[in-house]
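See below for coords_36.csv, which holds CSV, C-alpha atoms.
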chain,number,residue,atom,x,y,z
A,5,MET,CA,15.6,-18.1,-10.1
A,6,SER,CA,17.0,-14.8,-11.4
A,7,ASN,CA,19.0,-15.4,-14.5
A,8,PRO,CA,22.1,-13.4,-14.9
A,9,ASN,CA,22.4,-14.1,-18.6
A,10,HIS,CA,19.6,-11.7,-19.5
A,11,SER,CA,21.4,-9.0,-21.4
A,12,LYS,CA,19.0,-9.5,-24.4
A,13,SER,CA,16.0,-8.6,-22.3
A,14,SER,CA,17.3,-5.3,-21.0
A,15,GLN,CA,17.4,-3.7,-24.4
A,16,HIS,CA,14.3,-1.8,-23.8
A,17,CYS,CA,13.2,-0.3,-20.6
A,18,HIS,CA,10.0,1.2,-19.3
A,19,ALA,CA,11.3,3.4,-16.6
A,20,ALA,CA,10.3,7.0,-16.0
A,21,GLY,CA,9.5,7.2,-12.4
A,22,ASN,CA,6.2,6.0,-11.0
A,23,TYR,CA,3.8,8.4,-12.7
A,24,SER,CA,5.3,10.1,-15.7
A,25,GLN,CA,5.1,7.6,-18.5
A,26,GLY,CA,7.6,8.8,-21.1
A,27,SER,CA,10.2,6.7,-23.0
A,28,CYS,CA,13.9,7.2,-22.5
A,29,GLY,CA,17.3,5.9,-23.3
A,30,LYS,CA,18.5,2.7,-21.7
A,31,ASP,CA,21.1,4.3,-19.4
A,32,ALA,CA,18.7,7.1,-18.2
A,33,CYS,CA,16.1,4.4,-17.6
A,34,HIS,CA,18.4,2.3,-15.5
A,35,GLN,CA,19.5,5.3,-13.6
A,36,LYS,CA,15.9,6.2,-12.8
A,37,ALA,CA,15.2,2.6,-11.8
A,38,ASN,CA,18.2,2.6,-9.5
A,39,LYS,CA,17.1,5.9,-7.9
A,40,LEU,CA,13.7,4.3,-7.3
A,41,SER,CA,15.2,1.2,-5.7
A,42,ARG,CA,17.3,3.4,-3.4
A,43,ALA,CA,14.2,5.3,-2.4
A,44,TYR,CA,12.3,2.0,-1.7
A,45,LEU,CA,15.2,0.7,0.4
A,46,ILE,CA,15.4,3.9,2.5
A,47,GLY,CA,11.7,4.0,3.0
A,48,PHE,CA,11.6,0.3,4.0
A,49,ILE,CA,14.3,0.8,6.6
A,50,PHE,CA,12.7,4.0,8.0
A,51,SER,CA,9.3,2.3,8.2
A,52,ILE,CA,10.6,-0.7,10.0
A,53,ILE,CA,12.5,1.5,12.5
A,54,LEU,CA,9.4,3.6,13.2
A,55,THR,CA,7.3,0.5,13.7
A,56,LEU,CA,9.7,-1.2,16.1
A,57,LEU,CA,10.3,2.1,18.0
A,58,GLY,CA,6.5,2.5,18.6
A,59,PHE,CA,6.1,-1.2,19.6
A,60,PHE,CA,8.9,-1.2,22.1
A,61,LEU,CA,8.0,2.2,23.6
A,62,VAL,CA,4.5,0.7,24.3
A,63,THR,CA,5.5,-2.8,25.4
A,64,HIS,CA,8.2,-1.6,27.7
A,65,ARG,CA,6.1,1.3,29.0
A,66,ALA,CA,9.0,3.6,28.5
A,67,LEU,CA,7.0,6.7,29.2
A,68,GLU,CA,3.9,7.9,31.1
A,69,PRO,CA,0.6,7.3,29.2
A,70,GLN,CA,0.5,11.0,28.1
A,71,GLY,CA,4.0,10.8,26.8
A,72,LEU,CA,3.2,7.5,25.0
A,73,TYR,CA,0.2,9.0,23.2
A,74,LEU,CA,2.2,12.0,22.1
A,75,SER,CA,5.1,9.9,20.9
A,76,LEU,CA,2.8,7.5,19.0
A,77,ALA,CA,1.2,10.5,17.3
A,78,VAL,CA,4.6,11.8,16.3
A,79,LEU,CA,5.7,8.4,15.1
A,80,ILE,CA,2.6,7.9,12.9
A,81,LEU,CA,3.0,11.3,11.3
A,82,LEU,CA,6.7,10.4,10.5
A,83,GLN,CA,5.5,7.1,9.2
A,84,LEU,CA,3.0,8.8,6.9
A,85,ALA,CA,5.6,11.2,5.7
A,86,THR,CA,8.0,8.3,5.0
A,87,GLN,CA,5.5,6.4,3.0
A,88,ALA,CA,4.4,9.4,1.1
A,89,VAL,CA,7.9,10.4,0.1
A,90,PHE,CA,9.7,7.1,-0.4
A,91,PHE,CA,6.9,4.7,-1.5
A,92,PHE,CA,4.2,6.9,-3.1
A,93,ARG,CA,7.0,9.1,-4.4
A,94,LEU,CA,4.9,12.3,-3.9
A,95,ASN,CA,6.9,15.3,-5.1
A,96,MET,CA,6.5,18.6,-7.0
A,97,ALA,CA,8.7,17.9,-10.0
A,98,THR,CA,6.1,17.9,-12.8
A,99,ASP,CA,2.5,19.0,-13.2
A,100,ASP,CA,1.3,15.4,-12.9
A,101,ASP,CA,3.2,15.0,-9.6
A,102,ARG,CA,1.8,18.2,-8.2
A,103,TRP,CA,-1.8,17.0,-9.0
A,104,ASN,CA,-1.1,13.8,-7.1
A,105,LEU,CA,0.1,15.8,-4.2
A,106,VAL,CA,-2.9,18.1,-4.3
A,107,ILE,CA,-5.3,15.1,-4.2
A,108,PHE,CA,-3.3,13.6,-1.3
A,109,LEU,CA,-3.4,16.8,0.7
A,110,PHE,CA,-7.1,17.4,0.0
A,111,SER,CA,-7.9,13.8,1.1
A,112,LEU,CA,-5.9,14.4,4.3
A,113,LEU,CA,-8.1,17.5,5.0
A,114,ILE,CA,-11.3,15.5,4.5
A,115,MET,CA,-10.0,12.8,6.8
A,116,LEU,CA,-9.1,15.3,9.4
A,117,ILE,CA,-12.6,16.8,9.3
A,118,VAL,CA,-14.3,13.4,9.4
A,119,VAL,CA,-12.3,12.0,12.2
A,120,SER,CA,-12.0,15.0,14.5
A,121,GLY,CA,-15.6,16.0,13.8
A,122,SER,CA,-16.9,12.5,14.7
A,123,LEU,CA,-14.8,12.3,17.8
A,124,TRP,CA,-15.8,15.8,18.9
A,125,ILE,CA,-19.6,15.3,18.4
A,126,MET,CA,-19.7,11.8,19.9
A,127,TYR,CA,-17.7,13.0,23.0
A,128,ASN,CA,-20.2,15.8,23.5
A,129,LEU,CA,-23.2,13.6,23.1
A,130,ASN,CA,-21.7,11.2,25.6
A,131,TYR,CA,-21.0,14.0,28.0
A,132,TYR,CA,-24.5,15.5,27.9
A,133,MET,CA,-26.2,12.0,28.1
A,134,VAL,CA,-24.3,11.3,31.4
A,135,ASN,CA,-24.6,14.7,32.9
B,13,MET,CA,10.2,-20.0,-14.8
B,14,THR,CA,11.7,-21.7,-17.9
B,15,SER,CA,10.0,-19.5,-20.5
B,16,CYS,CA,11.2,-16.2,-19.2
B,17,SER,CA,12.8,-14.8,-22.3
B,18,MET,CA,9.7,-15.5,-24.3
B,19,ASN,CA,7.9,-12.6,-22.6
B,20,ASN,CA,10.3,-9.9,-23.6
B,21,LYS,CA,8.2,-8.7,-26.5
B,22,ASN,CA,9.6,-5.8,-28.3
B,23,HIS,CA,8.2,-2.6,-27.0
B,24,ASN,CA,8.0,-1.2,-30.5
B,25,GLU,CA,5.5,-3.8,-31.5
B,26,ASN,CA,3.1,-2.2,-29.1
B,27,SER,CA,3.4,1.2,-30.7
B,28,GLY,CA,3.1,-0.5,-34.0
B,29,ALA,CA,-0.3,-1.6,-33.1
B,30,HIS,CA,-1.4,2.0,-33.3
B,31,GLY,CA,-0.4,2.1,-37.0
B,32,ALA,CA,-4.0,3.2,-37.8
B,33,HIS,CA,-2.9,6.7,-36.8
B,34,GLY,CA,-1.3,6.7,-40.2
B,35,ALA,CA,0.6,9.9,-40.9
B,36,HIS,CA,1.1,10.7,-37.2
B,37,GLY,CA,3.6,7.9,-37.0
B,38,ALA,CA,4.7,5.7,-34.1
B,39,HIS,CA,6.0,8.6,-32.0
B,40,ASP,CA,2.6,10.2,-31.7
B,41,ALA,CA,1.0,6.9,-31.0
B,42,HIS,CA,3.4,6.4,-28.1
B,43,ASP,CA,2.7,9.8,-26.8
B,44,HIS,CA,-1.0,9.1,-26.9
B,45,GLU,CA,-0.5,5.8,-25.1
B,46,ALA,CA,1.6,7.5,-22.4
B,47,ALA,CA,-1.1,10.2,-21.9
B,48,VAL,CA,-3.8,7.6,-21.4
B,49,ALA,CA,-1.5,5.7,-19.0
B,50,ALA,CA,-0.9,8.9,-16.9
B,51,LYS,CA,-4.7,9.5,-16.8
B,52,VAL,CA,-5.4,6.0,-15.6
B,53,THR,CA,-2.8,6.2,-12.9
B,54,PHE,CA,-4.1,9.5,-11.7
B,55,GLY,CA,-7.7,8.2,-11.6
B,56,PHE,CA,-6.6,5.2,-9.6
B,57,TRP,CA,-4.7,7.5,-7.2
B,58,VAL,CA,-7.9,9.5,-6.7
B,59,TYR,CA,-9.8,6.2,-6.0
B,60,VAL,CA,-7.1,5.1,-3.5
B,61,MET,CA,-7.4,8.4,-1.6
B,62,THR,CA,-11.2,8.0,-1.4
B,63,ASP,CA,-10.6,4.5,-0.1
B,64,ALA,CA,-8.4,6.1,2.6
B,65,ILE,CA,-11.3,8.4,3.5
B,66,MET,CA,-13.4,5.2,4.1
B,67,PHE,CA,-10.7,3.7,6.3
B,68,ALA,CA,-10.6,7.0,8.2
B,69,ALA,CA,-14.3,6.9,8.8
B,70,MET,CA,-14.1,3.3,10.0
B,71,LEU,CA,-11.3,4.1,12.4
B,72,ALA,CA,-13.3,7.1,13.7
B,73,THR,CA,-16.2,4.7,14.4
B,74,TYR,CA,-13.8,2.4,16.1
B,75,ALA,CA,-12.4,5.2,18.3
B,76,VAL,CA,-15.9,6.2,19.3
B,77,LEU,CA,-17.1,2.6,20.1
B,78,LYS,CA,-13.8,1.4,21.7
B,79,ASN,CA,-15.0,1.6,25.2
B,80,GLY,CA,-18.4,0.0,24.6
B,81,THR,CA,-17.4,-3.5,25.6
B,82,TYR,CA,-20.7,-4.3,27.3
B,83,GLY,CA,-18.9,-6.4,30.0
B,84,GLY,CA,-17.1,-8.4,27.3
B,85,PRO,CA,-13.4,-8.4,26.5
B,86,GLY,CA,-11.6,-5.1,25.7
B,87,ILE,CA,-8.8,-4.5,23.2
B,88,GLN,CA,-6.1,-5.7,25.6
B,89,GLN,CA,-7.8,-9.1,26.0
B,90,VAL,CA,-8.5,-9.4,22.3
B,91,ALA,CA,-5.2,-8.3,20.7
B,92,HIS,CA,-2.2,-10.7,20.5
B,93,LEU,CA,0.6,-8.1,20.2
B,94,PRO,CA,3.5,-10.4,19.0
B,95,HIS,CA,1.3,-11.7,16.1
B,96,ILE,CA,0.4,-8.1,15.3
B,97,LEU,CA,4.0,-7.0,15.2
B,98,ILE,CA,4.9,-10.0,12.9
B,99,GLN,CA,2.0,-9.1,10.6
B,100,THR,CA,3.2,-5.5,10.5
B,101,LEU,CA,6.8,-6.4,9.6
B,102,ILE,CA,5.6,-9.0,7.0
B,103,LEU,CA,3.3,-6.4,5.3
B,104,THR,CA,6.0,-3.7,5.2
B,105,LEU,CA,8.5,-6.2,3.8
B,106,SER,CA,6.0,-7.2,1.1
B,107,ALA,CA,5.5,-3.6,0.1
B,108,PHE,CA,9.3,-3.4,-0.3
B,109,THR,CA,9.5,-6.7,-2.3
B,110,PHE,CA,6.7,-5.4,-4.6
B,111,GLY,CA,8.8,-2.3,-5.1
B,112,LEU,CA,11.7,-4.6,-6.2
B,113,GLY,CA,9.3,-6.3,-8.6
B,114,PHE,CA,8.3,-3.0,-10.1
B,115,ILE,CA,11.9,-2.1,-10.6
B,116,ALA,CA,12.5,-5.4,-12.3
B,117,PHE,CA,9.7,-4.4,-14.6
B,118,LEU,CA,11.3,-1.1,-15.3
B,119,LYS,CA,14.5,-2.9,-16.2
B,120,SER,CA,12.6,-5.4,-18.3
B,121,LYS,CA,13.7,-8.4,-16.3
B,122,ALA,CA,10.9,-10.9,-16.5
B,123,CYS,CA,12.4,-13.6,-14.2
B,124,GLN,CA,13.1,-11.1,-11.4
B,125,LEU,CA,9.7,-9.6,-11.7
B,126,ARG,CA,8.0,-13.0,-11.4
B,127,PHE,CA,10.3,-13.9,-8.4
B,128,TRP,CA,9.5,-10.7,-6.4
B,129,LEU,CA,5.8,-10.9,-7.2
B,130,VAL,CA,5.6,-14.5,-6.0
B,131,ILE,CA,7.5,-13.5,-2.8
B,132,THR,CA,5.1,-10.6,-2.3
B,133,PHE,CA,2.1,-12.9,-2.9
B,134,ILE,CA,3.4,-15.4,-0.4
B,135,LEU,CA,4.0,-12.7,2.2
B,136,GLY,CA,0.5,-11.4,1.6
B,137,VAL,CA,-1.0,-14.9,2.1
B,138,VAL,CA,1.0,-15.3,5.4
B,139,PHE,CA,-0.3,-12.0,6.6
B,140,LEU,CA,-3.8,-12.9,5.7
B,141,SER,CA,-3.7,-16.3,7.3
B,142,ILE,CA,-2.3,-14.9,10.6
B,143,GLU,CA,-5.1,-12.3,10.6
B,144,ILE,CA,-7.9,-14.8,9.8
B,145,GLY,CA,-6.5,-17.3,12.4
B,146,ASP,CA,-6.6,-14.6,15.1
B,147,LEU,CA,-10.1,-13.5,14.2
B,148,THR,CA,-11.5,-17.1,14.0
B,149,SER,CA,-10.0,-18.1,17.3
B,150,LEU,CA,-11.7,-15.0,18.8
B,151,VAL,CA,-15.0,-16.2,17.4
B,152,LYS,CA,-14.4,-19.7,18.7
B,153,GLN,CA,-13.9,-18.3,22.2
B,154,GLY,CA,-17.4,-16.9,21.9
B,155,TYR,CA,-16.3,-13.3,21.2
B,156,SER,CA,-17.8,-12.6,17.8
B,157,TRP,CA,-18.9,-9.2,16.3
B,158,GLN,CA,-22.3,-9.6,18.0
B,159,THR,CA,-20.8,-9.5,21.5
B,160,SER,CA,-20.3,-5.7,21.9
B,161,ALA,CA,-20.1,-2.4,20.1
B,162,PHE,CA,-16.3,-2.6,20.5
B,163,LEU,CA,-16.0,-6.0,18.9
B,164,SER,CA,-18.4,-5.0,16.0
B,165,SER,CA,-16.1,-2.1,15.1
B,166,TYR,CA,-13.0,-4.2,15.7
B,167,PHE,CA,-14.1,-6.9,13.3
B,168,THR,CA,-15.3,-4.2,10.8
B,169,VAL,CA,-11.9,-2.4,10.7
B,170,LEU,CA,-9.9,-5.6,10.5
B,171,GLY,CA,-12.3,-7.3,8.1
B,172,LEU,CA,-12.3,-4.3,5.8
B,173,HIS,CA,-8.5,-4.4,5.6
B,174,ALA,CA,-8.4,-8.2,5.2
B,175,LEU,CA,-11.0,-7.9,2.3
B,176,HIS,CA,-8.8,-5.3,0.6
B,177,ILE,CA,-5.8,-7.6,1.0
B,178,MET,CA,-7.7,-10.5,-0.6
B,179,VAL,CA,-8.7,-8.4,-3.6
B,180,ALA,CA,-5.1,-7.2,-4.0
B,181,LEU,CA,-3.8,-10.8,-3.9
B,182,LEU,CA,-6.3,-11.8,-6.5
B,183,TRP,CA,-5.3,-8.9,-8.6
B,184,MET,CA,-1.7,-9.9,-8.2
B,185,LEU,CA,-2.4,-13.4,-9.5
B,186,VAL,CA,-4.4,-11.9,-12.5
B,187,LEU,CA,-1.5,-9.6,-13.4
B,188,LEU,CA,1.0,-12.5,-13.2
B,189,VAL,CA,-1.1,-14.5,-15.7
B,190,GLN,CA,-1.6,-11.4,-17.9
B,191,PHE,CA,2.1,-10.7,-17.8
B,192,SER,CA,2.8,-14.1,-19.2
B,193,CYS,CA,0.5,-13.3,-22.2
B,194,LYS,CA,1.2,-9.6,-22.8
B,195,GLY,CA,4.8,-9.2,-21.6
B,196,PHE,CA,6.3,-5.8,-21.2
B,197,SER,CA,4.1,-3.1,-22.5
B,198,THR,CA,2.8,0.4,-21.5
B,199,VAL,CA,-0.5,-1.2,-20.5
B,200,MET,CA,1.1,-3.7,-18.2
B,201,LYS,CA,3.3,-1.0,-16.7
B,202,THR,CA,0.2,1.1,-15.9
B,203,ARG,CA,-1.4,-2.0,-14.2
B,204,PHE,CA,1.6,-2.8,-12.2
B,205,THR,CA,1.9,0.9,-11.1
B,206,CYS,CA,-1.8,0.9,-10.0
B,207,LEU,CA,-1.4,-2.4,-8.1
B,208,GLY,CA,1.8,-1.0,-6.5
B,209,LEU,CA,-0.1,2.1,-5.3
B,210,PHE,CA,-2.9,-0.1,-3.9
B,211,TRP,CA,-0.5,-2.4,-2.2
B,212,ASN,CA,1.5,0.4,-0.6
B,213,PHE,CA,-1.7,2.0,0.4
B,214,LEU,CA,-2.8,-1.2,2.2
B,215,ASN,CA,0.5,-1.3,4.0
B,216,LEU,CA,0.0,2.3,5.1
B,217,MET,CA,-3.5,1.6,6.3
B,218,TRP,CA,-2.2,-1.3,8.3
B,219,LEU,CA,0.5,0.8,9.9
B,220,ILE,CA,-2.2,3.3,10.9
B,221,ILE,CA,-4.5,0.5,12.3
B,222,PHE,CA,-1.4,-0.9,14.1
B,223,THR,CA,-0.9,2.4,15.8
B,224,VAL,CA,-4.5,3.5,16.4
B,225,VAL,CA,-6.0,0.1,17.4
B,226,PHE,CA,-3.2,-2.0,18.8
B,227,LEU,CA,-0.5,0.4,20.2
B,228,ILE,CA,-2.9,2.9,21.6
B,229,GLY,CA,-5.0,0.0,22.9
B,230,ALA,CA,-2.0,-1.5,24.7
B,231,VAL,CA,-1.0,1.8,26.4
Would you kindly transcribe this structure into structure tokens?
Amino acid sequence: MSNPNHSKSSQHCHAAGNYSQGSCGKDACHQKANKLSRAYLIGFIFSIILTLLGFFLVTHRALEPQGLYLSLAVLILLQLATQAVFFFRLNMATDDDRWNLVIFLFSLLIMLIVVSGSLWIMYNLNYYMVN
Amino acid sequence: MTSCSMNNKNHNENSGAHGAHGAHGAHDAHDHEAAVAAKVTFGFWVYVMTDAIMFAAMLATYAVLKNGTYGGPGIQQVAHLPHILIQTLILTLSAFTFGLGFIAFLKSKACQLRFWLVITFILGVVFLSIEIGDLTSLVKQGYSWQTSAFLSSYFTVLGLHALHIMVALLWMLVLLVQFSCKGFSTVMKTRFTCLGLFWNFLNLMWLIIFTVVFLIGAV
């Protein structure tokens, strides 16, 4: 399906990373696109490894429950970091990139408050209802 | 796939459409277009993050209601782990194939772009059909969302994710058709960038659901 005789079509190029939308020369574009594809490949491999690691740790009961919870927490944080860096391409190179990162971190803060606050208050309610 | 070269419209035609700017010339028009594209992408990123907050709230609800099984089945009876692992691998793979499609767009390769988008679409459909199959077999066994607080939250979390996947797949189809008409342009690049953000986000949300609901449930 992919046609190798497509030299005509690659005369113009739209690459400039994920977010910054400038135009650039053909070679620079292709370099950026290649860099992006390397990042996607690394991210994909890391992501698959982390997924399989978590799955086999749990299905083979490799650790005590406490250790399993802890290692799952570590794995999901690594997964989040992998996705943020290699797929979402969060970085601090330009002003636009920094704003994307700020929104991401602020949302993480909100999510932390929502989740931990909910669990805390519901646990307490449950505790005082029973006792 | 026969008419691939037809869609390689010259990029300059697009900036030519902004000829109304007159004295500013094509370069300024292109800058303006790029600034609009950056704003749209940023706005969409903000939306994606608010969507993540909604998912976080739903997962917190699930975590609170997890033990409220009301004598019905718990997570270990409900979840079919091999299916879940296959779903996870399929969705991660589809995020990667979408990335390859986006790179094909950056390199202005229409055939490759279509190929990877169709692959991504098929992977998404497979993911969705496994998910819907599992949920409907659960309902057929008599364990619907009305059975217990746990199952309500379970169906809510998975249903919310499946609904997002459906919307993303529809969007992917629309973009494939639009690409046939509009070809390579800044507008289409912005749309593919936004869909890519959305698709990666859905993959990330599934990875979190995979850990929080299924792996922790299986411990």
Which residues of chain B sit at most 8 Å from chain A, using all atoms listed in the file? Give each one's shortest atom pair and distance in Å (one decimal place), in chain and ascending residue order, as JSON lines.
{"residue": "B:Met13", "atom": "CA", "partner": "A:Met5", "partner_atom": "CA", "distance": 7.4}
{"residue": "B:Ser17", "atom": "CA", "partner": "A:Ser13", "partner_atom": "CA", "distance": 7.0}
{"residue": "B:Asn20", "atom": "CA", "partner": "A:Ser13", "partner_atom": "CA", "distance": 6.0}
{"residue": "B:Asn22", "atom": "CA", "partner": "A:His16", "partner_atom": "CA", "distance": 7.6}
{"residue": "B:His23", "atom": "CA", "partner": "A:His16", "partner_atom": "CA", "distance": 6.9}
{"residue": "B:Asp43", "atom": "CA", "partner": "A:Gly26", "partner_atom": "CA", "distance": 7.6}
{"residue": "B:Ala46", "atom": "CA", "partner": "A:Gln25", "partner_atom": "CA", "distance": 5.2}
{"residue": "B:Ala47", "atom": "CA", "partner": "A:Gln25", "partner_atom": "CA", "distance": 7.5}
{"residue": "B:Ala49", "atom": "CA", "partner": "A:Gln25", "partner_atom": "CA", "distance": 6.9}
{"residue": "B:Ala50", "atom": "CA", "partner": "A:Tyr23", "partner_atom": "CA", "distance": 6.3}
{"residue": "B:Thr53", "atom": "CA", "partner": "A:Tyr23", "partner_atom": "CA", "distance": 7.0}
{"residue": "B:Phe54", "atom": "CA", "partner": "A:Asn104", "partner_atom": "CA", "distance": 7.0}
{"residue": "B:Trp57", "atom": "CA", "partner": "A:Asn104", "partner_atom": "CA", "distance": 7.3}
{"residue": "B:Val58", "atom": "CA", "partner": "A:Ile107", "partner_atom": "CA", "distance": 6.7}
{"residue": "B:Met61", "atom": "CA", "partner": "A:Ser111", "partner_atom": "CA", "distance": 6.1}
{"residue": "B:Thr62", "atom": "CA", "partner": "A:Ser111", "partner_atom": "CA", "distance": 7.1}
{"residue": "B:Ala64", "atom": "CA", "partner": "A:Ser111", "partner_atom": "CA", "distance": 7.9}
{"residue": "B:Ile65", "atom": "CA", "partner": "A:Met115", "partner_atom": "CA", "distance": 5.7}
{"residue": "B:Ala68", "atom": "CA", "partner": "A:Met115", "partner_atom": "CA", "distance": 6.0}
{"residue": "B:Ala69", "atom": "CA", "partner": "A:Val119", "partner_atom": "CA", "distance": 6.4}
{"residue": "B:Leu71", "atom": "CA", "partner": "A:Val119", "partner_atom": "CA", "distance": 8.0}
{"residue": "B:Ala72", "atom": "CA", "partner": "A:Val119", "partner_atom": "CA", "distance": 5.2}
{"residue": "B:Thr73", "atom": "CA", "partner": "A:Ser122", "partner_atom": "CA", "distance": 7.8}
{"residue": "B:Ala75", "atom": "CA", "partner": "A:Leu123", "partner_atom": "CA", "distance": 7.5}
{"residue": "B:Val76", "atom": "CA", "partner": "A:Leu123", "partner_atom": "CA", "distance": 6.4}
{"residue": "B:Leu97", "atom": "CA", "partner": "A:Phe59", "partner_atom": "CA", "distance": 7.6}
{"residue": "B:Thr100", "atom": "CA", "partner": "A:Thr55", "partner_atom": "CA", "distance": 7.9}
{"residue": "B:Leu101", "atom": "CA", "partner": "A:Ile52", "partner_atom": "CA", "distance": 6.9}
{"residue": "B:Thr104", "atom": "CA", "partner": "A:Phe48", "partner_atom": "CA", "distance": 7.0}
{"residue": "B:Leu105", "atom": "CA", "partner": "A:Phe48", "partner_atom": "CA", "distance": 7.2}
{"residue": "B:Phe108", "atom": "CA", "partner": "A:Phe48", "partner_atom": "CA", "distance": 6.1}
{"residue": "B:Gly111", "atom": "CA", "partner": "A:Tyr44", "partner_atom": "CA", "distance": 6.5}
{"residue": "B:Leu112", "atom": "CA", "partner": "A:Ser41", "partner_atom": "CA", "distance": 6.8}
{"residue": "B:Ile115", "atom": "CA", "partner": "A:Ala37", "partner_atom": "CA", "distance": 5.9}
{"residue": "B:Phe117", "atom": "CA", "partner": "A:His18", "partner_atom": "CA", "distance": 7.3}
{"residue": "B:Leu118", "atom": "CA", "partner": "A:Ala19", "partner_atom": "CA", "distance": 4.7}
{"residue": "B:Lys119", "atom": "CA", "partner": "A:Cys17", "partner_atom": "CA", "distance": 5.3}
{"residue": "B:Ser120", "atom": "CA", "partner": "A:Ser14", "partner_atom": "CA", "distance": 5.4}
{"residue": "B:Lys121", "atom": "CA", "partner": "A:Ser13", "partner_atom": "CA", "distance": 6.4}
{"residue": "B:Cys123", "atom": "CA", "partner": "A:Ser6", "partner_atom": "CA", "distance": 5.5}
{"residue": "B:Gln124", "atom": "CA", "partner": "A:Ser6", "partner_atom": "CA", "distance": 5.4}
{"residue": "B:Phe127", "atom": "CA", "partner": "A:Met5", "partner_atom": "CA", "distance": 7.0}
{"residue": "B:Ser197", "atom": "CA", "partner": "A:His18", "partner_atom": "CA", "distance": 8.0}
{"residue": "B:Thr198", "atom": "CA", "partner": "A:His18", "partner_atom": "CA", "distance": 7.6}
{"residue": "B:Lys201", "atom": "CA", "partner": "A:His18", "partner_atom": "CA", "distance": 7.5}
{"residue": "B:Thr205", "atom": "CA", "partner": "A:Asn22", "partner_atom": "CA", "distance": 6.7}
{"residue": "B:Leu209", "atom": "CA", "partner": "A:Phe92", "partner_atom": "CA", "distance": 6.8}
{"residue": "B:Asn212", "atom": "CA", "partner": "A:Phe91", "partner_atom": "CA", "distance": 7.0}
{"residue": "B:Leu216", "atom": "CA", "partner": "A:Gln87", "partner_atom": "CA", "distance": 7.2}
{"residue": "B:Leu219", "atom": "CA", "partner": "A:Thr55", "partner_atom": "CA", "distance": 7.8}
{"residue": "B:Ile220", "atom": "CA", "partner": "A:Ile80", "partner_atom": "CA", "distance": 6.9}
{"residue": "B:Thr223", "atom": "CA", "partner": "A:Leu76", "partner_atom": "CA", "distance": 7.1}
{"residue": "B:Leu227", "atom": "CA", "partner": "A:Val62", "partner_atom": "CA", "distance": 6.5}
{"residue": "B:Ile228", "atom": "CA", "partner": "A:Tyr73", "partner_atom": "CA", "distance": 7.0}
{"residue": "B:Ala230", "atom": "CA", "partner": "A:Val62", "partner_atom": "CA", "distance": 6.9}
{"residue": "B:Val231", "atom": "CA", "partner": "A:Val62", "partner_atom": "CA", "distance": 6.0}
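Those residues positioned at most 10 Å from (4.9, -10.9, 0.3) are Ile102, Leu103, Thr104, Leu105, Ser106, Ala107, Phe108, Thr109, Phe110, Trp128, Leu129, Val130, Ile131, Thr132, Phe133, Ile134, Leu135, Gly136, Val137, Val138, Phe139 and Leu181 of chain B, judged using all atoms listed in the file.
Across the structure, atom CA of His44 of chain B and atom CA of Arg203 of chain B are spaced 16.9 Å apart.
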Next on the checklist: Which residues are near Phe204 of chain B? Cut-off 9 Å, only C-alpha atoms, ignore same chain within fewer than 2 positions. Put them as a PyMOL selection string.
Outcome noted: chain B and resi 114+117+184+187+199-202+206-209
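Within 8 Å of the point (-16.8, -3.8, 23.1) in file coordinates, and counting all atoms listed in the file, lie the residues Leu77, Lys78, Asn79, Gly80, Thr81, Tyr82, Gly83, Gly84, Pro85, Gly86, Thr159, Ser160, Ala161, Phe162, Leu163 and Ser164 of chain B.
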Selected residues written out, C-alpha atoms, as a PDB file, in the coordinates of the input:
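Full text of result_0.pdb as output:
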ATOM      1  CA  LEU B  77     -17.100   2.600  20.100  1.00  0.00           C
ATOM      2  CA  LYS B  78     -13.800   1.400  21.700  1.00  0.00           C
ATOM      3  CA  ASN B  79     -15.000   1.600  25.200  1.00  0.00           C
ATOM      4  CA  GLY B  80     -18.400   0.000  24.600  1.00  0.00           C
ATOM      5  CA  THR B  81     -17.400  -3.500  25.600  1.00  0.00           C
ATOM      6  CA  TYR B  82     -20.700  -4.300  27.300  1.00  0.00           C
ATOM      7  CA  GLY B  83     -18.900  -6.400  30.000  1.00  0.00           C
ATOM      8  CA  GLY B  84     -17.100  -8.400  27.300  1.00  0.00           C
ATOM      9  CA  PRO B  85     -13.400  -8.400  26.500  1.00  0.00           C
ATOM     10  CA  GLY B  86     -11.600  -5.100  25.700  1.00  0.00           C
ATOM     11  CA  THR B 159     -20.800  -9.500  21.500  1.00  0.00           C
ATOM     12  CA  SER B 160     -20.300  -5.700  21.900  1.00  0.00           C
ATOM     13  CA  ALA B 161     -20.100  -2.400  20.100  1.00  0.00           C
ATOM     14  CA  PHE B 162     -16.300  -2.600  20.500  1.00  0.00           C
ATOM     15  CA  LEU B 163     -16.000  -6.000  18.900  1.00  0.00           C
ATOM     16  CA  SER B 164     -18.400  -5.000  16.000  1.00  0.00           C
TER      17      SER B 164
END
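Distance-wise, atom CA of Gly71 of chain A and atom CA of Pro94 of chain B end up 22.6 Å apart.
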Item to check | Pairwise distance for atom CA of Phe222 of chain B and atom CA of Met66 of chain B, rounded to one decimal in Å | outcome: 16.8 Å
Checklist outcome for this item: Residue with the minimum atom-to-atom distance to Met178 of chain B, picked from B:Ile98, B:Leu140, B:Val60, B:Leu125 with all atoms listed in the file counted, is B:Leu140
